[in-house]
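Colleague: Below is the file entry-v1.tsv, with TSV, C-alpha atoms and all ligand atoms.
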chain	number	residue	atom	x	y	z
F	1	MET	CA	-8.01	2.34	-18.22
F	2	ARG	CA	-7.29	3.69	-14.73
F	3	LYS	CA	-5.88	1.12	-12.34
F	4	VAL	CA	-6.81	0.38	-8.75
F	5	ALA	CA	-5.00	-2.18	-6.61
F	6	LEU	CA	-6.32	-3.79	-3.44
F	7	ALA	CA	-3.55	-4.27	-0.90
F	8	GLY	CA	-3.59	-5.43	2.68
F	9	ASN	CA	-2.68	-8.07	5.21
F	10	PRO	CA	-3.91	-11.64	4.66
F	11	ASN	CA	-7.51	-12.39	5.59
F	12	VAL	CA	-8.70	-8.77	5.90
F	13	GLY	CA	-11.45	-9.14	3.27
F	14	LYS	CA	-9.72	-8.02	0.05
F	15	SER	CA	-11.33	-10.72	-2.08
F	16	VAL	CA	-14.81	-10.06	-0.71
F	17	ILE	CA	-14.30	-6.38	-1.51
F	18	PHE	CA	-12.88	-7.23	-4.92
F	19	ASN	CA	-16.03	-9.23	-5.70
F	20	ALA	CA	-18.28	-6.46	-4.43
F	21	LEU	CA	-16.47	-3.89	-6.59
F	22	THR	CA	-16.23	-5.89	-9.79
F	23	GLY	CA	-19.25	-8.20	-9.71
F	24	ALA	CA	-19.31	-10.54	-12.65
F	25	LYS	CA	-16.67	-8.70	-14.66
F	26	GLN	CA	-13.66	-10.75	-13.55
F	27	LYS	CA	-10.66	-12.40	-15.09
F	28	VAL	CA	-8.66	-14.98	-13.17
F	29	GLY	CA	-5.13	-15.93	-14.19
F	30	ASN	CA	-1.66	-16.22	-12.73
F	31	TRP	CA	0.99	-13.63	-11.99
F	32	PRO	CA	3.75	-13.92	-14.61
F	33	GLY	CA	6.19	-16.73	-13.90
F	34	VAL	CA	4.53	-18.02	-10.73
F	35	THR	CA	1.46	-20.02	-9.78
F	36	VAL	CA	0.03	-17.34	-7.52
F	37	GLU	CA	-3.50	-16.47	-8.61
F	38	LYS	CA	-4.10	-13.04	-10.15
F	39	LYS	CA	-7.63	-11.64	-10.17
F	40	GLU	CA	-8.55	-8.65	-12.28
F	41	GLY	CA	-11.92	-7.02	-12.78
F	42	VAL	CA	-13.64	-3.85	-13.85
F	43	CYS	CA	-15.47	-1.48	-11.56
F	44	ARG	CA	-17.69	1.36	-12.72
F	45	TYR	CA	-18.52	4.54	-10.85
F	46	MET	CA	-20.24	7.54	-12.45
F	47	ASP	CA	-18.52	8.20	-15.77
F	48	VAL	CA	-15.37	6.12	-15.14
F	49	GLU	CA	-14.46	2.51	-15.36
F	50	PHE	CA	-11.36	1.30	-13.60
F	51	GLN	CA	-9.44	-1.90	-13.62
F	52	VAL	CA	-9.21	-3.48	-10.17
F	53	VAL	CA	-6.45	-5.92	-9.18
F	54	ASP	CA	-6.63	-8.10	-6.07
F	55	LEU	CA	-3.05	-8.30	-4.72
F	56	PRO	CA	-1.87	-11.19	-2.50
F	57	GLY	CA	-2.24	-10.60	1.24
F	58	ILE	CA	1.03	-9.49	2.85
F	59	TYR	CA	2.41	-8.01	6.06
F	60	SER	CA	5.27	-6.07	4.53
F	61	PHE	CA	6.82	-4.98	1.22
F	62	THR	CA	10.18	-6.48	2.03
F	63	ALA	CA	9.88	-8.83	-0.95
F	64	SER	CA	11.21	-11.75	1.05
F	65	THR	CA	8.26	-13.89	-0.10
F	66	ILE	CA	6.80	-14.32	-3.58
F	67	ASP	CA	3.56	-12.65	-2.47
F	68	GLU	CA	5.43	-9.62	-1.17
F	69	LYS	CA	7.47	-9.39	-4.33
F	70	ILE	CA	4.35	-9.59	-6.53
F	71	ALA	CA	2.63	-6.83	-4.56
F	72	ARG	CA	5.69	-4.62	-4.44
F	73	ASP	CA	6.55	-5.01	-8.13
F	74	TYR	CA	2.97	-4.29	-9.09
F	75	ILE	CA	2.85	-1.05	-7.12
F	76	ILE	CA	6.31	0.12	-8.18
F	77	ASN	CA	6.09	-0.86	-11.84
F	78	GLU	CA	2.43	-0.49	-12.72
F	79	LYS	CA	1.94	2.60	-10.55
F	80	PRO	CA	-1.81	2.13	-9.99
F	81	ASP	CA	-3.79	5.38	-9.84
F	82	VAL	CA	-5.16	4.42	-6.44
F	83	VAL	CA	-4.21	1.75	-3.92
F	84	VAL	CA	-7.09	0.69	-1.71
F	85	ASN	CA	-5.43	-0.43	1.50
F	86	VAL	CA	-7.86	-2.84	3.14
F	87	VAL	CA	-7.36	-2.67	6.90
F	88	ASP	CA	-8.93	-5.00	9.45
F	89	ALA	CA	-10.71	-2.65	11.87
F	90	SER	CA	-10.50	-5.28	14.60
F	91	ASN	CA	-6.70	-5.35	14.28
F	92	ILE	CA	-5.75	-1.81	13.28
F	93	GLU	CA	-2.35	-1.42	14.84
F	94	ARG	CA	-0.70	-4.36	13.13
F	95	ASN	CA	-2.34	-3.47	9.81
F	96	LEU	CA	-1.07	0.10	9.76
F	97	TYR	CA	2.54	-0.98	9.29
F	98	LEU	CA	1.66	-1.85	5.70
F	99	THR	CA	-0.12	1.50	5.30
F	100	LEU	CA	3.05	3.29	6.31
F	101	GLN	CA	5.05	1.38	3.72
F	102	LEU	CA	2.49	2.15	1.02
F	103	LEU	CA	2.90	5.85	1.76
F	104	GLU	CA	6.67	5.48	1.57
F	105	MET	CA	6.21	3.89	-1.84
F	106	GLU	CA	4.36	7.06	-2.81
F	107	ALA	CA	1.10	5.23	-3.48
F	108	ASN	CA	-2.12	7.21	-3.69
F	109	VAL	CA	-3.81	5.49	-0.75
F	110	VAL	CA	-7.48	5.16	0.22
F	111	ILE	CA	-8.04	3.17	3.39
F	112	CYS	CA	-10.92	0.72	3.47
F	113	LEU	CA	-11.53	0.02	7.15
F	114	ASN	CA	-13.21	-3.36	6.87
F	115	LYS	CA	-14.72	-5.75	9.42
F	116	MET	CA	-16.27	-2.88	11.34
F	117	ASP	CA	-18.76	-5.40	12.76
F	118	LEU	CA	-15.94	-7.39	14.36
F	119	ALA	CA	-14.36	-4.23	15.74
F	120	GLU	CA	-17.66	-3.37	17.35
F	121	THR	CA	-18.02	-6.87	18.81
F	122	LYS	CA	-14.57	-6.39	20.35
F	123	GLY	CA	-15.79	-3.16	21.90
F	124	TYR	CA	-13.59	-0.89	19.78
F	125	LYS	CA	-14.86	2.60	19.17
F	126	ILE	CA	-12.92	3.93	16.22
F	127	ASN	CA	-12.98	7.63	15.57
F	128	VAL	CA	-12.73	7.41	11.79
F	129	LYS	CA	-12.75	11.16	11.32
F	130	ASN	CA	-9.78	11.71	13.62
F	131	LEU	CA	-7.86	8.77	12.24
F	132	SER	CA	-8.37	10.14	8.76
F	133	LYS	CA	-7.15	13.55	9.88
F	134	GLU	CA	-4.07	12.09	11.61
F	135	LEU	CA	-3.10	9.93	8.65
F	136	LYS	CA	-4.16	12.57	6.12
F	137	LEU	CA	-5.91	9.84	4.14
F	138	PRO	CA	-9.49	9.15	3.11
F	139	ILE	CA	-10.93	6.31	5.18
F	140	VAL	CA	-14.08	4.39	4.34
F	141	PRO	CA	-15.52	2.05	6.99
F	142	THR	CA	-17.03	-1.13	5.51
F	143	ILE	CA	-18.61	-4.44	6.38
F	144	ALA	CA	-17.81	-6.18	3.13
F	145	ILE	CA	-19.73	-9.40	3.82
F	146	LYS	CA	-22.89	-7.32	4.16
F	147	ASN	CA	-22.03	-5.04	1.25
F	148	ILE	CA	-22.02	-2.07	3.63
F	149	GLY	CA	-19.83	0.87	2.60
F	150	ILE	CA	-19.00	-0.41	-0.88
F	151	ASP	CA	-20.63	2.50	-2.73
F	152	GLU	CA	-18.84	4.94	-0.43
F	153	LEU	CA	-15.58	3.13	-1.21
F	154	LYS	CA	-16.16	3.49	-4.96
F	155	ARG	CA	-16.85	7.15	-4.45
F	156	ALA	CA	-13.67	7.67	-2.40
F	157	VAL	CA	-11.62	5.89	-5.09
F	158	TYR	CA	-13.23	8.06	-7.75
F	159	PHE	CA	-12.29	11.24	-5.92
F	160	ALA	CA	-8.79	10.02	-5.06
F	161	MET	CA	-8.23	9.42	-8.75
F	162	LYS	CA	-9.06	13.02	-9.48
F	163	SER	CA	-6.91	14.53	-6.75
F	164	LYS	CA	-3.86	12.27	-6.42
F	165	SER	CA	-2.22	13.80	-3.38
F	166	LYS	CA	1.13	12.64	-2.16
F	167	ILE	CA	1.54	12.36	1.55
F	168	TYR	CA	4.74	12.00	3.49
F	169	LEU	CA	4.86	10.73	7.02
F	170	LYS	CA	7.75	12.48	8.71
F	171	TYR	CA	10.09	10.82	11.18
F	172	ASN	CA	11.99	12.87	13.77
F	173	ASP	CA	14.58	15.40	12.56
F	174	LYS	CA	17.56	13.14	13.21
F	175	ILE	CA	16.13	10.29	11.13
F	176	GLU	CA	14.89	12.65	8.42
F	177	LYS	CA	18.45	13.98	8.07
F	178	ILE	CA	19.82	10.47	7.66
F	179	ILE	CA	17.11	9.53	5.13
F	180	TYR	CA	17.98	12.67	3.18
F	181	THR	CA	21.71	11.83	3.17
F	182	ILE	CA	21.03	8.34	1.79
F	183	GLN	CA	18.50	9.69	-0.69
F	184	GLU	CA	21.04	12.17	-2.06
F	185	LYS	CA	23.55	9.38	-2.71
F	186	ILE	CA	20.94	7.20	-4.38
F	187	ILE	CA	19.85	9.97	-6.71
F	188	LYS	CA	23.43	11.02	-7.55
F	189	GLN	CA	24.45	7.44	-8.32
F	190	ASN	CA	21.22	6.74	-10.23
F	191	ILE	CA	20.44	3.69	-8.08
F	192	LEU	CA	17.05	2.01	-8.77
F	193	PRO	CA	15.68	5.01	-10.68
F	194	ASP	CA	12.22	3.41	-11.05
F	195	TYR	CA	11.72	3.28	-7.27
F	196	PRO	CA	10.85	6.31	-5.14
F	197	SER	CA	14.21	7.35	-3.68
F	198	ARG	CA	12.72	7.96	-0.23
F	199	PHE	CA	11.35	4.42	-0.14
F	200	VAL	CA	14.74	2.96	-1.13
F	201	ALA	CA	16.52	5.11	1.45
F	202	ILE	CA	14.18	3.98	4.24
F	203	LYS	CA	14.47	0.33	3.25
F	204	LEU	CA	18.29	0.60	3.21
F	205	LEU	CA	18.18	2.20	6.63
F	206	GLU	CA	15.94	-0.65	7.87
F	207	GLY	CA	18.56	-3.14	6.67
F	208	ASP	CA	16.25	-4.77	4.10
F	209	GLU	CA	18.22	-7.66	2.56
F	210	GLU	CA	16.22	-7.59	-0.67
F	211	ILE	CA	17.04	-3.92	-1.24
F	212	PHE	CA	20.72	-4.62	-0.52
F	213	LYS	CA	20.62	-7.24	-3.27
F	214	LEU	CA	18.79	-4.99	-5.72
F	215	THR	CA	21.10	-2.03	-5.13
F	216	ASN	CA	24.37	-3.94	-4.69
F	217	LEU	CA	24.84	-2.01	-1.49
F	218	SER	CA	25.56	-3.31	1.99
F	219	ARG	CA	25.04	-2.39	5.60
F	220	GLU	CA	28.68	-1.29	5.75
F	221	VAL	CA	28.32	1.11	2.85
F	222	ILE	CA	25.20	2.68	4.35
F	223	GLU	CA	26.96	3.06	7.69
F	224	ARG	CA	29.83	4.81	5.93
F	225	TRP	CA	27.43	7.14	4.13
F	226	ILE	CA	25.69	8.25	7.28
F	227	SER	CA	28.61	8.42	9.70
Y	301	LIG	N1	-17.19	-10.31	10.07
Y	301	LIG	C1	-16.72	-9.97	8.89
Y	301	LIG	N2	-16.06	-10.87	8.15
Y	301	LIG	C2	-15.59	-10.47	6.94
Y	301	LIG	C3	-15.77	-9.16	6.44
Y	301	LIG	N3	-15.19	-9.09	5.23
Y	301	LIG	C4	-14.65	-10.29	4.99
Y	301	LIG	N4	-14.89	-11.15	6.00
Y	301	LIG	C5	-14.46	-12.56	6.14
Y	301	LIG	O1	-13.07	-12.57	6.30
Y	301	LIG	C6	-12.49	-13.73	5.72
Y	301	LIG	C7	-11.40	-13.36	4.74
Y	301	LIG	O2	-11.94	-12.69	3.62
Y	301	LIG	P1	-11.15	-12.64	2.23
Y	301	LIG	O3	-11.88	-11.70	1.34
Y	301	LIG	O4	-10.89	-13.98	1.73
Y	301	LIG	O5	-9.78	-12.00	2.73
Y	301	LIG	P2	-8.49	-11.67	1.84
Y	301	LIG	O6	-7.98	-10.38	2.36
Y	301	LIG	O7	-8.82	-11.76	0.39
Y	301	LIG	O8	-7.51	-12.84	2.27
Y	301	LIG	P3	-6.18	-13.33	1.49
Y	301	LIG	O9	-6.51	-13.42	0.03
Y	301	LIG	O10	-5.86	-14.64	2.12
Y	301	LIG	O11	-5.12	-12.32	1.78
Y	301	LIG	C8	-13.65	-14.46	5.05
Y	301	LIG	O12	-14.07	-15.49	5.91
Y	301	LIG	C9	-14.72	-13.39	4.91
Y	301	LIG	O13	-16.02	-13.91	4.90
Y	301	LIG	C10	-16.49	-8.22	7.26
Y	301	LIG	O14	-16.69	-7.05	6.93
Y	301	LIG	N5	-16.93	-8.69	8.47
Y	302	MG	MG	-7.95	-12.91	-1.14
As structure tokens, please, write out the structure in this file.

Modeller:
Amino acid sequence: MRKVALAGNPNVGKSVIFNALTGAKQKVGNWPGVTVEKKEGVCRYMDVEFQVVDLPGIYSFTASTIDEKIARDYIINEKPDVVVNVVDASNIERNLYLTLQLLEMEANVVICLNKMDLAETKGYKINVKNLSKELKLPIVPTIAIKNIGIDELKRAVYFAMKSKSKIYLKYNDKIEKIIYTIQEKIIKQNILPDYPSRFVAIKLLEGDEEIFKLTNLSREVIERWIS
């Protein structure tokens, strides 16, 4: 069965959306080896059924917490067909950091812009069309607690499954050159072959301790590579 993961910051409405998508067809357990709750369900749209997983709420994929590690491992290892990135419309800027990382992990992202009612209360006027054009991603505005936008979200997931585009967000030329240099080394030395090499390169450049551990590399080595 096709897989869809719900990812986003804590408290953005993932579980409400998960319930709206899966209804009564749910299975609750634990992630392997830890006591963090894992919720799985089945969602149906047109002729397809897909398995939906509610990932723990996180701010980053650094894997410095158990929740971040669970979410990251799931996306890297299970490679869901679509990742629905639930974004809090009343707090867009902070939320989009996770979106950027999802794209770097080469996830097939659909943005669910939830809590549109709160955004409106705050006086935000979000131009969804333009945002979607800028990010090159499908965006579905929702008010999950009122079940508004859920059918549209299912539809967007359905179409994303069929198209599966890969989008790269480009940094400036200088940084792109450095990313490329690190990427070349990673590929040549067959480092973390299961991970997208661009994602690993960017995390190494960021100085991500968890990636240093996983790759047996260090800040010094990276500095040598790029100097
Ligand atoms: N106003 C408003 N509140 C919402 C909406 N969607 C969800 N909420 C509320 O937001 C809170 C968090 O919702 P959850 O679904 O638990 O959020 P979550 O992303 O699963 O949170 P974690 O599992 O902790 O990461 C709850 O109090 C919901 O009732 C919405 O569209 N509008
Ligand atoms: Mg939740």

Colleague: Using all atoms listed in the file, give me every residue within 10 Å of (-4.7, -12.8, -1.6) in file coordinates, as a ChimeraX atom specification.

Modeller: /F:6-15,36-39,54-58,67,71

Colleague: Generate a file of the selected residues that holds C-alpha atoms, formatted as a short mmCIF file (atom, residue, chain, number, x, y, z; two decimals), in the coordinates of the input.

Modeller:
data_model
loop_
_atom_site.label_atom_id
_atom_site.label_comp_id
_atom_site.auth_asym_id
_atom_site.auth_seq_id
_atom_site.Cartn_x
_atom_site.Cartn_y
_atom_site.Cartn_z
CA LEU F 6 -6.32 -3.79 -3.44
CA ALA F 7 -3.55 -4.27 -0.90
CA GLY F 8 -3.59 -5.43 2.68
CA ASN F 9 -2.68 -8.07 5.21
CA PRO F 10 -3.91 -11.64 4.66
CA ASN F 11 -7.51 -12.39 5.59
CA VAL F 12 -8.70 -8.77 5.90
CA GLY F 13 -11.45 -9.14 3.27
CA LYS F 14 -9.72 -8.02 0.05
CA SER F 15 -11.33 -10.72 -2.08
CA VAL F 36 0.03 -17.34 -7.52
CA GLU F 37 -3.50 -16.47 -8.61
CA LYS F 38 -4.10 -13.04 -10.15
CA LYS F 39 -7.63 -11.64 -10.17
CA ASP F 54 -6.63 -8.10 -6.07
CA LEU F 55 -3.05 -8.30 -4.72
CA PRO F 56 -1.87 -11.19 -2.50
CA GLY F 57 -2.24 -10.60 1.24
CA ILE F 58 1.03 -9.49 2.85
CA ASP F 67 3.56 -12.65 -2.47
CA ALA F 71 2.63 -6.83 -4.56
#

Colleague: When you draw a straight line from CA of Arg72 in chain F to CA of Leu135 in chain F, how long is it in Å?

Modeller: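 Straight-line distance from CA of Arg72 in chain F to CA of Leu135 in chain F works out to 21.5 Å.
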
Colleague: Go ahead and compute the interatomic distance for CA of Glu78 in chain F and CA of Glu152 in chain F, in Å to one decimal.

Modeller: 25.2 Å

Colleague: Considering all atoms listed in the file, return as a list in words whatever protein or nucleic-acid residues lie within 12 Å of Leu214 in chain F, sequence-local ones (same chain, fewer than 2 positions apart) excluded.

Modeller: Thr62, Ala63, Ile191, Leu192, Pro193, Asp194, Tyr195, Val200, Lys203, Leu204, Asp208, Glu209, Glu210, Ile211, Phe212, Asn216, Leu217 and Ser218 of chain F

Colleague: Taking into account only C-alpha atoms, which residue in the set F:Asn130, F:Gln183, F:Ser64, F:Asn172 is nearest to Pro196 in chain F?

Modeller: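 For Pro196 in chain F, the nearest of the candidates is F:Gln183.
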
Colleague: Between F:Ile92, F:Met116, F:Ile17, F:Ala144, which residue has the minimum interatomic distance to Leu131 in chain F, considering all atoms listed in the file?

Modeller: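 Nearest to Leu131 in chain F: F:Ile92.
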
Colleague: Separation of CA of Ala160 in chain F and CA of Asn85 in chain F, in Å?

Modeller: 12.8 Å

Colleague: Residues within 9 Å of Ile179 in chain F, please, as a PyMOL selection string. Count all atoms listed in the file; anything in the same chain fewer than 2 positions from it doesn't count.

Modeller: chain F and resi 174-177+181-184+198+201-202+205+226
